[in-house]
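Peer 1: To start, I am sharing the structure in question, which I have written as structure tokens.
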Amino acid sequence: MANTSASRIIQQARDHDRLLLTEVEAKALLSAGGFPVTQTHLAQTRDQAITHAQTLGFPVAVKVCSPEVVHKSDVGGVKLNLASAGAVGQAFDDVMTAVRRTQPNVALDGVSVQPMAKPGLEVIIGLTHDSQFGPVIMFGLGGISVEVLKDVAFRLAPLNRSDAKAMIREIKSLPLLLGYRSQPAVDSAALEQVLLQVSALAEAHPEIKELDLNPIFAYPNGCLAVDARILLHAENPGILPRPFLATTRATLYRAFNPKAVAVIGDKRAMNYMWLRSQSAFQGKVYSVQIDEREIPGITALGVPNYGSLAEIPDEIDYVMTAVPRQIAPRIIADCAAKKVAGVMLFTSGFSEIGDEDGKRLEQTMADTARTAGMALIGPNCMGLYHPRLGLRNYADLPVGEAGTVGFIGQSGTHTITFSLAAPNYGVKISKAVSFGNAAVLDAGDYLDYFSVDEETRIIGMYLEGVREGRRFFSLLRQVTAEKPVVIWKGGKSEAGKRAISSHTGSLAVPSAIWDAMVHQAGAIPTETFDETLDVIQLLLFAKPAAGTRVGLIAMTGGPSVIITDAFEHAGLTVPLLSESSYQELSSFFNIIGGSFRNPLDSGHTIGMGQSTENLARLLAILDRDPHIDAIVMDTGAGLVAGQWQSHPQTLDALLDTLANFATRSAKPFFVVLQPFAREAALLQVRNQFHARGIATFATPQRAARAFRLAADYWRFHTGSVSK
Ligand code: ADP
Ligand code: MG
């Protein structure tokens with residue numbers, strides 16, 4: 001019933017080539033769908049307006065009703081608090097005159113008449129359409145908050161109840177909704193319901209492009225929309241996202257696990273970087289180069305060279321090439337003819353520079369690759385890294401050891417430096433890919449492959465944008481339930497967006513929508529390189545926490561204060577311990593120059609980490625304490641690193657105690673190793689902690705931020721607290 005009347009109203013507008021519904025039409029559509037909206041009638045004449053007002057009961061509001069007026073107040077088209085027939089008649093005349101004067105050619109249906117709603121807190125609920133992500137729902141406080149402060153929350157439709165709850169909880173003005181001074185709290189459940197109704201409407205009627213309920217009056221009990229605007233799509237949108245293909249997975253599997261690879265067109269001017277990178281590759285390496293001057297340098301590396309790919313007497317699984325852009329399409333065609341699984345194109349100068357030639361060449365290569373079912377990686381990228389097999393995209397990268405962290409990067413530099421820096425964080429790479437322009441395979445295709453890759457337990461990404469937002473979002477949501485996905489997004493500033501378009505040609509998405517998408521999918525958003533590695537390290541080493549309450553151990557006074565600030569600023573809690581913990585602590589804690597409330601300022605009690613028996617007692621107390629979810633220790637490395645160097649056995653004893661605790665504890669445990677003047681000494685020490693399975697952070701702030709991000713992830717996926 002509801003749907004049919006909605007369809008009828010939409011069809012009527014369509015029949016008249018109109019995309020904007022009038023307020024009367026929009027409200028009719030919504031009230032048929034069970035939305036709480038003010039009852040609103042159309043009056044074409046003065047007398048009709050008065051009759052409607054008398055039926056509805058005074059006071060009423062009278063507003064211009066036109067399929068061409070978007071903002072009614074702006075044209076003098078809204079009259080409020082009309083308490084008599086005379087006032088309504090006057091309002092009718094005034095509105096018609098005002099609108100005819102300001103917009104003489106506009107089509108006028110007449111006016112709408114509606115009861116004055118009792119005042120409430122004004123909020124806004126909207127539906128918009130993002131070109132990448134499709135229907136997106138917005139919630140915010142009305143009036144000045146939405147216009148000036150842009151205090152709004154977004155989520156992609158469809159919403160579930162916890163999305164709706166999260167949206168309401170996310171806005172900065174939340175305290176106004178929760179009640180303040182003598183103001184009671186508003187009915188959040190009623191607002192959640194409207195959010196879910198908007199989501200259902202968007203699903204049932206994809207023809208609706210935008211919907212604004214602005215304002216909705218929120219009351220202690222229920223809510224009521226007094227204005228509604230609906231805009232239709234010019235054309236019917238909405239084909240389902242392209243599926244992820246098993247064949248793409250299989251092709252990427254073969255490319256990532258090649259038995260034989262070929263490098264096409266490597267040369268001295270590039271110091272044979274691609275061939276040299278394969279020096280530890282476990283399979284066979286071939287070169288294709290026709291320039292006579294380059295061949296001796298290639299054979300000197302011990303690599304057999306051929307005049308063409310076709311001549312190589314072996315199946316080739318993966319090709320790396322840096323040939324000039326003009327001949328790239330021919331090389332891609334050769335790869336297709338040779339039935340290679342994947343080809344990575346280092347060459348740049350395609351769609352990212354925006355000239356017609358570049359776009360056309362990229363299109364030709366993409367067509368060839370698609371037809372052949374071949375994985376075209378790039379162009380404008382560094383391709384694949386699989387350390388266990390010795391398949392490298394940079395000669396300095398480590399090989400041999402199998403890791404568990406996969407990295408997918410739109411930028412070659414970020415992907416390589418991530419892979420280079422990871423060992424300093426105790427992180428070993430399973431596989432990495434730098435994919436550049438994404439002419440054929442986009443971030444999602446690689447994510448899909450990593451999601452089933454058995455070596456990969458945690459996935460890091462550097463992204464500037466994705467081409468098919470919906471496709472990416474629905475996959476991401478599925479993957480995060482199995483494996484944590486950390487997304488470092490570049491190009492969030494306006495100037496950064498400009499830099500993106502000259503880098504990889506991605507569509508730059510508004511940051512608010514991107515952030516909403518990442519949260520909603522249960523992925524982990526990061527802002528920097530360090531933050532990305534920090535949170536990955538924590539996820540790798542630490543046990544999941546059941547909550548956000550931390551027990552802190554520091555050696556001395558100043559650091560105790562700062563580590564507490566750092567965790568509190570990150571939105572975590574540093575609570576008082578339980579009574580029984582305090583009783584136990586008081587039996588042995590040295591309070592001269594220390595204290596044990598939380599943080600435990602305990603350098604004296606634990607001999608700056610050397611009295612391992614007392615240290616073990618402190619740790620055990622925190623592990624048992626029901627007020628604590630995670631345990632963090634600032635080791636005072638800036639003071640004691642010299643001692644660790646001159647008496648390595650003191651470090652060993654500390655490490656034994658901490659590693660023993662970390663393995664047996666029920667809660668996550670990690671340490672701050674802030675170098676201050678001891679950077680060089682700590683490089684080695686850090687590795688020793690990682691080798692014992694303990695995550696380390698360079699500052700208390702970085703530790704706190706990493707824990708915040710990880711705790712959000714754990715909470716989202718255990719559902720212990722709805723987000
Ligand atoms: P506009 O097209 O300018 O957004 P609105 O219908 O939202 O027009 O009216 C402007 C303002 O008037 C609203 O923000 C609201 O504060 C007030 N208003 C409108 N309709 C009513 C009503 N039925 N009851 C009470 N206040 C109303
Ligand atoms: Mg309005």
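Each chain of the structure tokens is named A, B, ... in the order shown, its residues numbered from 1; ligands are numbered from 1 in display order.
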Give the strand (DSSP E) residues of region 360-560 of chain A, as DSSP finds them on the backbone, and put them as a VMD selection string.
Peer 2: chain A and resid 375 to 377 383 to 385 405 to 409 429 to 434 458 to 463 485 to 489 524 to 526 550 to 554
Peer 1: So which bits of region 18-239 of chain A end up alpha helix (DSSP H) when you DSSP the backbone, as number ranges by chain?
Peer 2: A: 23-32, 46-56, 85-102, 144-147, 161-170, 174-178, 188-204
Peer 1: If we count only C-alpha atoms, what is near Gln132 (chain A) at a cut-off of 12 Å, once residues fewer than 2 positions away on the same chain are taken out, given as a list in words?
Peer 2: Thr128, His129, Asp130, Gly134, Pro135, Val136, Leu156, Gly238, Pro241, Gly465, Val466, Arg467, Glu468, Gly469, Arg470, Arg471, Phe472, Phe473, Ser506, Leu507, Ala508, Val509, Pro510, Ile513, Trp514 and Met517 of chain A
Peer 1: To check your reading of the model: which residues sit at most 8 Å from ligand 1 when counting only C-alpha atoms and all ligand atoms? Write the answer as number ranges by chain.
Peer 2: A: 23, 38, 60-61, 63, 69-74, 77-81, 114-119, 122, 143, 214-215, 226-228
Peer 1: How far is it from CA of Ala107 (chain A) to CA of Val75 (chain A), in Å with one decimal?
Peer 2: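 So the answer is 13.7 Å.
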Peer 1: Find the spatial neighbours of region 321-323 of chain A, counting only C-alpha atoms, within a cut-off of 6 Å - ignore same-chain residues fewer than 6 positions away - and output them as a list in words.
Peer 2: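 Counting only the stated atoms, we get Val263, Ile264, Gly265, Leu345, Phe346 and Thr347 of chain A.
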Peer 1: Store the residues picked out above in a file with all heavy atoms, as a PDB file, in the first residue's frame.
Peer 2:
ATOM      1  N   VAL A 263      61.584  -9.989 -17.013  1.00  0.00           N
ATOM      2  CA  VAL A 263      61.702  -8.539 -16.919  1.00  0.00           C
ATOM      3  C   VAL A 263      61.905  -8.022 -18.340  1.00  0.00           C
ATOM      4  O   VAL A 263      62.817  -8.477 -19.041  1.00  0.00           O
ATOM      5  CB  VAL A 263      62.888  -8.142 -16.024  1.00  0.00           C
ATOM      6  CG1 VAL A 263      63.075  -6.630 -16.041  1.00  0.00           C
ATOM      7  CG2 VAL A 263      62.681  -8.641 -14.599  1.00  0.00           C
ATOM      8  N   ILE A 264      61.038  -7.134 -18.766  1.00  0.00           N
ATOM      9  CA  ILE A 264      61.139  -6.637 -20.143  1.00  0.00           C
ATOM     10  C   ILE A 264      61.696  -5.217 -20.142  1.00  0.00           C
ATOM     11  O   ILE A 264      61.128  -4.325 -19.506  1.00  0.00           O
ATOM     12  CB  ILE A 264      59.755  -6.664 -20.845  1.00  0.00           C
ATOM     13  CG1 ILE A 264      59.196  -8.090 -20.819  1.00  0.00           C
ATOM     14  CG2 ILE A 264      59.869  -6.136 -22.281  1.00  0.00           C
ATOM     15  CD1 ILE A 264      57.844  -8.246 -21.494  1.00  0.00           C
ATOM     16  N   GLY A 265      62.798  -5.042 -20.848  1.00  0.00           N
ATOM     17  CA  GLY A 265      63.328  -3.702 -21.095  1.00  0.00           C
ATOM     18  C   GLY A 265      64.078  -3.085 -19.922  1.00  0.00           C
ATOM     19  O   GLY A 265      64.122  -1.858 -19.797  1.00  0.00           O
ATOM     20  N   LEU A 345      53.285  -2.867 -14.672  1.00  0.00           N
ATOM     21  CA  LEU A 345      53.811  -1.806 -15.517  1.00  0.00           C
ATOM     22  C   LEU A 345      54.314  -0.662 -14.639  1.00  0.00           C
ATOM     23  O   LEU A 345      53.522   0.066 -14.043  1.00  0.00           O
ATOM     24  CB  LEU A 345      52.680  -1.337 -16.427  1.00  0.00           C
ATOM     25  CG  LEU A 345      53.053  -0.680 -17.737  1.00  0.00           C
ATOM     26  CD1 LEU A 345      53.895  -1.627 -18.593  1.00  0.00           C
ATOM     27  CD2 LEU A 345      51.789  -0.303 -18.485  1.00  0.00           C
ATOM     28  N   PHE A 346      55.636  -0.534 -14.584  1.00  0.00           N
ATOM     29  CA  PHE A 346      56.267   0.539 -13.817  1.00  0.00           C
ATOM     30  C   PHE A 346      56.070   1.879 -14.534  1.00  0.00           C
ATOM     31  O   PHE A 346      55.971   2.938 -13.927  1.00  0.00           O
ATOM     32  CB  PHE A 346      57.760   0.201 -13.690  1.00  0.00           C
ATOM     33  CG  PHE A 346      58.594   1.262 -13.025  1.00  0.00           C
ATOM     34  CD1 PHE A 346      58.412   1.546 -11.689  1.00  0.00           C
ATOM     35  CD2 PHE A 346      59.566   1.953 -13.730  1.00  0.00           C
ATOM     36  CE1 PHE A 346      59.199   2.519 -11.060  1.00  0.00           C
ATOM     37  CE2 PHE A 346      60.346   2.920 -13.111  1.00  0.00           C
ATOM     38  CZ  PHE A 346      60.160   3.207 -11.778  1.00  0.00           C
ATOM     39  N   THR A 347      56.019   1.793 -15.858  1.00  0.00           N
ATOM     40  CA  THR A 347      55.895   2.980 -16.706  1.00  0.00           C
ATOM     41  C   THR A 347      54.758   3.893 -16.241  1.00  0.00           C
ATOM     42  O   THR A 347      53.675   3.431 -15.926  1.00  0.00           O
ATOM     43  CB  THR A 347      55.590   2.534 -18.152  1.00  0.00           C
ATOM     44  OG1 THR A 347      56.452   1.447 -18.468  1.00  0.00           O
ATOM     45  CG2 THR A 347      55.778   3.679 -19.128  1.00  0.00           C
TER      46      THR A 347
END
Peer 1: Residues within 12 Å of Gly406 (chain A), please, as a ChimeraX atom specification. Count only C-alpha atoms; anything in the same chain fewer than 2 positions from it doesn't count.
Peer 2: /A:384-387,402-404,408-409,415,418-419,422,427-434,446-462,483-487,533,536,540
Peer 1: Store the residues of this selection in a file with N, CA and C atoms, as a short mmCIF file (atom, residue, chain, number, x, y, z; two decimals), in the first residue's frame.
Peer 2:
data_model
loop_
_atom_site.label_atom_id
_atom_site.label_comp_id
_atom_site.auth_asym_id
_atom_site.auth_seq_id
_atom_site.Cartn_x
_atom_site.Cartn_y
_atom_site.Cartn_z
N LEU A 384 54.50 -6.40 -7.39
CA LEU A 384 54.33 -7.40 -6.34
C LEU A 384 55.61 -7.67 -5.53
N TYR A 385 55.41 -7.96 -4.24
CA TYR A 385 56.49 -8.35 -3.33
C TYR A 385 56.01 -9.58 -2.57
N HIS A 386 56.77 -10.66 -2.68
CA HIS A 386 56.44 -11.88 -1.92
C HIS A 386 57.74 -12.39 -1.32
N PRO A 387 58.06 -11.91 -0.10
CA PRO A 387 59.39 -12.17 0.47
C PRO A 387 59.73 -13.65 0.59
N ALA A 402 58.76 -15.72 5.99
CA ALA A 402 57.33 -15.56 5.73
C ALA A 402 56.72 -14.71 6.82
N GLY A 403 55.96 -13.71 6.44
CA GLY A 403 55.29 -12.88 7.43
C GLY A 403 53.80 -13.10 7.40
N THR A 404 53.09 -12.28 8.16
CA THR A 404 51.64 -12.44 8.22
C THR A 404 50.89 -11.15 7.90
N ILE A 408 48.71 -3.32 0.74
CA ILE A 408 48.20 -2.97 -0.58
C ILE A 408 48.30 -1.46 -0.71
N GLY A 409 49.12 -0.96 -1.63
CA GLY A 409 49.35 0.48 -1.67
C GLY A 409 49.15 1.07 -3.05
N THR A 415 54.45 1.90 -0.40
CA THR A 415 54.45 0.44 -0.31
C THR A 415 55.85 -0.09 -0.01
N PHE A 418 56.99 1.07 3.52
CA PHE A 418 56.29 0.27 4.53
C PHE A 418 56.98 -1.08 4.67
N SER A 419 57.29 -1.70 3.54
CA SER A 419 57.91 -3.03 3.58
C SER A 419 59.32 -2.95 4.18
N ALA A 422 58.83 -2.10 8.14
CA ALA A 422 58.06 -3.07 8.95
C ALA A 422 58.93 -3.86 9.94
N VAL A 427 57.30 -6.35 12.43
CA VAL A 427 56.24 -6.77 11.51
C VAL A 427 56.89 -7.40 10.28
N LYS A 428 56.46 -8.62 9.94
CA LYS A 428 56.98 -9.26 8.73
C LYS A 428 55.88 -9.31 7.67
N ILE A 429 56.30 -9.03 6.45
CA ILE A 429 55.33 -8.93 5.35
C ILE A 429 55.06 -10.32 4.77
N SER A 430 53.79 -10.60 4.54
CA SER A 430 53.44 -11.83 3.81
C SER A 430 53.53 -11.55 2.32
N LYS A 431 52.80 -10.53 1.88
CA LYS A 431 52.83 -10.11 0.48
C LYS A 431 52.50 -8.63 0.45
N ALA A 432 53.04 -7.94 -0.56
CA ALA A 432 52.67 -6.54 -0.73
C ALA A 432 52.48 -6.26 -2.21
N VAL A 433 51.63 -5.28 -2.50
CA VAL A 433 51.47 -4.86 -3.89
C VAL A 433 51.32 -3.35 -3.95
N SER A 434 52.04 -2.76 -4.90
CA SER A 434 51.82 -1.35 -5.23
C SER A 434 51.09 -1.35 -6.56
N TYR A 446 42.65 -6.63 -5.05
CA TYR A 446 43.78 -7.11 -4.25
C TYR A 446 43.32 -7.47 -2.84
N LEU A 447 42.41 -6.66 -2.29
CA LEU A 447 41.89 -6.95 -0.96
C LEU A 447 41.18 -8.31 -0.97
N ASP A 448 40.44 -8.56 -2.01
CA ASP A 448 39.73 -9.84 -2.13
C ASP A 448 40.74 -10.99 -2.14
N TYR A 449 41.81 -10.82 -2.87
CA TYR A 449 42.84 -11.87 -2.91
C TYR A 449 43.49 -12.04 -1.53
N PHE A 450 43.86 -10.94 -0.89
CA PHE A 450 44.50 -11.03 0.43
C PHE A 450 43.55 -11.62 1.47
N SER A 451 42.26 -11.42 1.26
CA SER A 451 41.30 -11.92 2.25
C SER A 451 41.30 -13.45 2.30
N VAL A 452 41.66 -14.09 1.19
CA VAL A 452 41.70 -15.56 1.20
C VAL A 452 43.13 -16.09 1.25
N ASP A 453 44.10 -15.19 1.23
CA ASP A 453 45.50 -15.64 1.27
C ASP A 453 45.82 -16.16 2.67
N GLU A 454 46.22 -17.42 2.73
CA GLU A 454 46.39 -18.03 4.05
C GLU A 454 47.56 -17.45 4.84
N GLU A 455 48.56 -16.93 4.14
CA GLU A 455 49.70 -16.34 4.84
C GLU A 455 49.31 -15.04 5.55
N THR A 456 48.32 -14.34 5.01
CA THR A 456 48.04 -12.98 5.47
C THR A 456 46.98 -12.96 6.56
N ARG A 457 47.36 -12.43 7.74
CA ARG A 457 46.41 -12.36 8.87
C ARG A 457 45.88 -10.95 9.09
N ILE A 458 46.72 -9.96 8.74
CA ILE A 458 46.35 -8.56 8.95
C ILE A 458 46.65 -7.83 7.64
N ILE A 459 45.77 -6.89 7.26
CA ILE A 459 45.97 -6.21 5.97
C ILE A 459 46.12 -4.71 6.21
N GLY A 460 47.18 -4.13 5.66
CA GLY A 460 47.35 -2.68 5.68
C GLY A 460 47.13 -2.15 4.28
N MET A 461 46.58 -0.95 4.19
CA MET A 461 46.37 -0.36 2.86
C MET A 461 46.77 1.11 2.89
N TYR A 462 47.36 1.58 1.79
CA TYR A 462 47.46 3.03 1.58
C TYR A 462 46.61 3.35 0.36
N LYS A 483 39.64 -10.54 9.10
CA LYS A 483 41.01 -10.05 9.26
C LYS A 483 40.95 -8.53 9.46
N PRO A 484 41.74 -8.00 10.40
CA PRO A 484 41.76 -6.54 10.53
C PRO A 484 42.29 -5.88 9.25
N VAL A 485 41.64 -4.80 8.84
CA VAL A 485 42.11 -4.05 7.67
C VAL A 485 42.37 -2.61 8.13
N VAL A 486 43.62 -2.18 8.00
CA VAL A 486 44.01 -0.83 8.43
C VAL A 486 44.14 0.02 7.17
N ILE A 487 43.39 1.12 7.12
CA ILE A 487 43.42 1.93 5.90
C ILE A 487 43.98 3.31 6.18
N LEU A 533 51.72 1.52 11.02
CA LEU A 533 52.57 0.44 11.52
C LEU A 533 52.35 0.19 13.01
N ILE A 536 49.17 -1.87 13.48
CA ILE A 536 49.38 -3.22 12.96
C ILE A 536 50.23 -4.03 13.93
N LEU A 540 49.14 -7.39 15.90
CA LEU A 540 49.95 -8.58 15.67
C LEU A 540 50.37 -9.23 16.99
#
Peer 1: Env of region 703-712 of chain A: 10 Å cut, atoms = only C-alpha atoms, seq-sep filter 4 positions within chain, self excluded. Answer as an MDAnalysis selection string.
Peer 2: chainID A and resid 484 486 519 522:526 530:539 542 544:548 550 563:572 630 632 634 668 670:673 695:699 716:717 721 723
Peer 1: For a test of reading the model, state the distance in Å between CA of Ala202 (chain A) and CA of Tyr219 (chain A), rounded to one decimal.
Peer 2: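 It comes out at 25.1 Å.
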Peer 1: Compare A:Gly222, A:Pro329, A:Pro175, A:Gly342 by their minimum atom-to-atom distance to Pro258 (chain A), counting only C-alpha atoms, and give me the closest one.
Peer 2: A:Gly342
Peer 1: Can you pull out every residue within 12 Å of Pro599 (chain A), counting only C-alpha atoms, but drop anything in the same chain fewer than 4 positions away, and send it as a ChimeraX atom specification?
Peer 2: /A:549-568,573-577,594-595,603,618,622,628,631-634
